[in-house]
Amino acid sequence: MESPMQDFAVIAVAYGGYISLVKFIPFLVLFFLWWPLIGWVYEDTERVETNRPLWTGAVLGAGVLAVLFWLLVPIYLVGMFIYVITVITGALVYVKHRNARVMDFDRVLTADHIKSLFSRSADQGSEMKNTVFITANKNEVELPQPRTPEFYGYKHCFELVTDAIWRRADTVTFTPGPQAYAVTYTVDGAAFQQPEITKEQMDFLLPFLKQIADLDTKERRKPQKGKFKVLRDKDTFEWEVQTAGSTAGEQIRLVRSLAESVTKLTDLGLMPEQFERLSAMRDLKEGLFIVSGPKRSGVTTTFYALIRNHDSYTNNINTLERRTSGVLPNVTQTIFDQAKSGVTFAEELARVIRMGPDIVGVADCEETKAAQAACSGAIDQKIVYVTLEADSVITALRKWMKLVGDRKLLSHGLLGICNQRLLRVLCTECKQAYAPNKELMRKFNLNPEKTKALYRAGKVLYDKHGKPSTCDHCQGTGFVGRTGVFELVMLNDDLKKVIRKAKTMQEISTEFRRAKMLLLQEQALRKVINGTTSINEMIRVLSPPKKSTPVGKAEP
Ligand SMILES: [Zn+2]
């Protein structure tokens with residue numbers, strides 16, 4: 001390195017204009033900055049397996065040319081400018097060449113690379129160390145070596161899971177598209193579109209996810225399922241990875257494993273009079289109650305709460321369920337498994353009933369024989385709770401009538417029916433009051449005297465300088481958690497008679513209304529008026545199901 005330096009110094013000194021120290025020092029500094037570049041290219045050519053003499057020579061040549069320009073151009077600053085541009089151009093041509101030869105994670109000077117140089121330094125590094133992935137086989141995943149495919153898989157997974165947990169997402173869905181994967185989070189039952197991720201990123205993320213969930217990384221078509229855990233500080237989060245092939249590529253879903261919360265009747269969101277009626281069932285000795293709702297509307301939570309309403313120490317309580325949804329203390333829970341037991345659901349239920357319980361819970365009681373057995377139990381000194389998938393009290397009853405087939409048997413022990421939905425609860429930190437317009441008041445039959453203000457999602461908070469920020473309490477979704485809304489009818493002797501005699505469902509429906517049963521929308525409106533939820537949320541939840549559309553774009 002010394003000898004060319006001396007040569008240049010001589011040239012510089014010989015050329016009259018450069019004797020000035022003020023001009024010579026920048027020259028030296030820029031000249032020395034060029035050397036590490038040559039060194040890096042020299043090393044890098046081997047790493048990316050390209051022609052070393054050619055590229056080192058080219059970058060070196062560009063530098064020599066640049067120095068000559070500088071020396072020959074009479075105006076010093078113009079010469080310096082040409083020098084800098086020439087050296088940078090030479091370097092960029094090489095970077096472009098080498099980036100084309102390597103995979104995404106190994107590229108330099110890309111937006112991701114530059115971002116990673118800054119973010120890796122502080123927070124993320126230590127946070128990544130505080131987060132541990134546990135594989136399906138209960139092994140801890142070690143942080144891989146930086147700048148390897150495993151490291152990028154680990155990093156993408158870490159970022160994804162951290163974000164999903166912060167936003168309280170219970171499902172993350174990746175849908176392959178022509179260029180990228182669409183990402184959707186489900187938070188409190190509502191879908192949120194997130195920024196897309198590239199196919200290349202997925203090439204790192206997917207093998208990593210499959211590996212920690214102990215799935216076959218080579219299998220791209222058959223559906224697979226597996227779990228992994230994330231430990232962070234003192235919290236454990238369990239996720240299930242579900243993959244399946246489609247014509248567009250592999251579809252991936254992450255589902256957070258949450259036990260169906262075992263809550264009390266008081267926490268379901270029942271209106272006071274509804275609570276009173278349901279809670280009174282603990283003093284009854286026999287009868288059947290139907291808990292209904294569409295899929296994922298909180299039916300199991302209500303079912304469990306009704307069972308827990310009974311004292312499990314003084315009563316014998318048995319349930320028959322099709323899958324494990326939660327643990328009820330002091331209750332004998334049987335999970336139906338036809339392959340294992342070799343009997344039908346109805347036979348299994350008969351066995352459970354023969355054990356002589358005081359209270360029987362039957363989840364998804366959607367078979368004729370089982371439905372009849374449940375009805376018989378309900379007139380034989382047992383309290384029976386059954387769940388059905390239905391979108392209203394009337395459709396639940398119609399379904400039950402069809403299943404049981406015998407109106408006398410059915411109506412004799414029937415205590416009541418409820419149907420439910422889950423409404424997201426407005427964030428108390430950022431919800432905003434507004435005066436509803438006349439049209440809205442008319443449409444929902446609201447009393448203008450009583451309803452001065454309604455509430456809607458706020459999403460953004462403003463500090464005292466008027467600066468907006470994302471609400472930390474709801475992560476900008478405007479909602480935190482959900483509450484049930486219930487349509488409920490309890491049957492007296494008159495209504496039982498109506499069920500036995502009615503010629504049409506319409507007739508029954510009319511009588512239920514006459515007995516003051518409020519419809520789901522009327523019940524939901526009460527929660528809108530008291531500020532628990534918004535009109536839009538009510539409309540979203542009560543609209544007939546269609547292909548789920550995301551309710552919002554990703555929040556910053
Ligand atoms: Zn908020």
# chains A, B, ... in the order shown; residues from 1 in each chain; ligands from 1

$ closest_atom_pairs --of "chain A" --to "ligand 1" --cutoff "6 Å" --atoms "only C-alpha atoms and all ligand atoms" --output "CSV"
residue,atom,partner,partner_atom_place_in_ligand_line,distance
A:Cys427,CA,ligand 1,1 (Zn),4.6
A:Glu429,CA,ligand 1,1 (Zn),4.9
A:Cys430,CA,ligand 1,1 (Zn),4.3
A:Lys459,CA,ligand 1,1 (Zn),5.5
A:Cys471,CA,ligand 1,1 (Zn),4.5
A:His473,CA,ligand 1,1 (Zn),4.9
A:Cys474,CA,ligand 1,1 (Zn),4.2
A:Gly476,CA,ligand 1,1 (Zn),5.8
A:Gly478,CA,ligand 1,1 (Zn),4.8

$ write_last_selection --atoms "all heavy atoms" --output "PDB file, in the first residue's frame"
ATOM      1  N   CYS A 427     -63.394   0.461  23.033  1.00  0.00           N
ATOM      2  CA  CYS A 427     -62.267   0.765  23.912  1.00  0.00           C
ATOM      3  C   CYS A 427     -62.633   1.962  24.786  1.00  0.00           C
ATOM      4  O   CYS A 427     -63.010   3.020  24.280  1.00  0.00           O
ATOM      5  CB  CYS A 427     -61.035   1.075  23.069  1.00  0.00           C
ATOM      6  SG  CYS A 427     -59.655   1.719  24.015  1.00  0.00           S
ATOM      7  N   GLU A 429     -60.759   3.817  26.459  1.00  0.00           N
ATOM      8  CA  GLU A 429     -59.769   4.892  26.415  1.00  0.00           C
ATOM      9  C   GLU A 429     -60.005   5.854  25.253  1.00  0.00           C
ATOM     10  O   GLU A 429     -59.682   7.023  25.336  1.00  0.00           O
ATOM     11  CB  GLU A 429     -58.355   4.304  26.282  1.00  0.00           C
ATOM     12  CG  GLU A 429     -57.930   3.423  27.435  1.00  0.00           C
ATOM     13  CD  GLU A 429     -57.809   4.199  28.733  1.00  0.00           C
ATOM     14  OE1 GLU A 429     -57.164   5.263  28.714  1.00  0.00           O
ATOM     15  OE2 GLU A 429     -58.387   3.752  29.749  1.00  0.00           O
ATOM     16  N   CYS A 430     -60.499   5.327  24.136  1.00  0.00           N
ATOM     17  CA  CYS A 430     -60.530   6.196  22.953  1.00  0.00           C
ATOM     18  C   CYS A 430     -61.892   6.269  22.269  1.00  0.00           C
ATOM     19  O   CYS A 430     -62.008   6.842  21.191  1.00  0.00           O
ATOM     20  CB  CYS A 430     -59.439   5.776  21.961  1.00  0.00           C
ATOM     21  SG  CYS A 430     -59.688   4.154  21.226  1.00  0.00           S
ATOM     22  N   LYS A 459     -59.906   4.930  17.813  1.00  0.00           N
ATOM     23  CA  LYS A 459     -58.666   4.488  17.158  1.00  0.00           C
ATOM     24  C   LYS A 459     -57.455   5.375  17.426  1.00  0.00           C
ATOM     25  O   LYS A 459     -56.374   4.900  17.667  1.00  0.00           O
ATOM     26  CB  LYS A 459     -58.829   4.365  15.646  1.00  0.00           C
ATOM     27  CG  LYS A 459     -59.876   3.375  15.269  1.00  0.00           C
ATOM     28  CD  LYS A 459     -59.957   3.198  13.783  1.00  0.00           C
ATOM     29  CE  LYS A 459     -61.081   2.230  13.480  1.00  0.00           C
ATOM     30  NZ  LYS A 459     -61.091   1.755  12.153  1.00  0.00           N
ATOM     31  N   CYS A 471     -53.838   4.356  19.988  1.00  0.00           N
ATOM     32  CA  CYS A 471     -54.262   4.026  21.346  1.00  0.00           C
ATOM     33  C   CYS A 471     -53.602   2.720  21.783  1.00  0.00           C
ATOM     34  O   CYS A 471     -53.725   1.703  21.113  1.00  0.00           O
ATOM     35  CB  CYS A 471     -55.779   3.898  21.388  1.00  0.00           C
ATOM     36  SG  CYS A 471     -56.388   3.283  22.955  1.00  0.00           S
ATOM     37  N   HIS A 473     -54.273   0.993  24.391  1.00  0.00           N
ATOM     38  CA  HIS A 473     -55.199   0.082  25.052  1.00  0.00           C
ATOM     39  C   HIS A 473     -55.823  -0.891  24.047  1.00  0.00           C
ATOM     40  O   HIS A 473     -56.055  -2.055  24.356  1.00  0.00           O
ATOM     41  CB  HIS A 473     -56.282   0.909  25.746  1.00  0.00           C
ATOM     42  CG  HIS A 473     -57.083   0.141  26.746  1.00  0.00           C
ATOM     43  ND1 HIS A 473     -56.496  -0.548  27.781  1.00  0.00           N
ATOM     44  CD2 HIS A 473     -58.414  -0.053  26.863  1.00  0.00           C
ATOM     45  CE1 HIS A 473     -57.441  -1.135  28.489  1.00  0.00           C
ATOM     46  NE2 HIS A 473     -58.614  -0.857  27.955  1.00  0.00           N
ATOM     47  N   CYS A 474     -56.104  -0.397  22.823  1.00  0.00           N
ATOM     48  CA  CYS A 474     -56.779  -1.245  21.830  1.00  0.00           C
ATOM     49  C   CYS A 474     -55.931  -1.422  20.575  1.00  0.00           C
ATOM     50  O   CYS A 474     -56.389  -1.987  19.588  1.00  0.00           O
ATOM     51  CB  CYS A 474     -58.133  -0.651  21.464  1.00  0.00           C
ATOM     52  SG  CYS A 474     -58.011   0.956  20.659  1.00  0.00           S
ATOM     53  N   GLY A 476     -55.288   0.568  18.387  1.00  0.00           N
ATOM     54  CA  GLY A 476     -55.875   1.255  17.246  1.00  0.00           C
ATOM     55  C   GLY A 476     -57.066   0.555  16.621  1.00  0.00           C
ATOM     56  O   GLY A 476     -57.594   1.017  15.623  1.00  0.00           O
ATOM     57  N   GLY A 478     -59.910   0.169  18.195  1.00  0.00           N
ATOM     58  CA  GLY A 478     -61.104   0.829  18.716  1.00  0.00           C
ATOM     59  C   GLY A 478     -61.927  -0.048  19.651  1.00  0.00           C
ATOM     60  O   GLY A 478     -62.898   0.408  20.239  1.00  0.00           O
TER      61      GLY A 478
END

$ residues_around --residues "A:Thr300" --least-positions-apart "4" --cutoff "8 Å" --atoms "only C-alpha atoms" --output "PyMOL selection string"
chain A and resi 260+304+325+363+387

$ select_by_dssp --residues "stretch 166-334 of chain A" --states "helix (DSSP H, G or I)" --output "PyMOL selection string"
chain A and resi 166+199-212+265-267+272-283+299-308

$ select_by_dssp --residues "stretch 308-504 of chain A" --states "strand (DSSP E or B)" --output "count of residues only"
57

$ atom_distance --atom1 "atom CA of A:Thr148" --atom2 "atom CA of A:Arg107"
11.7 Å
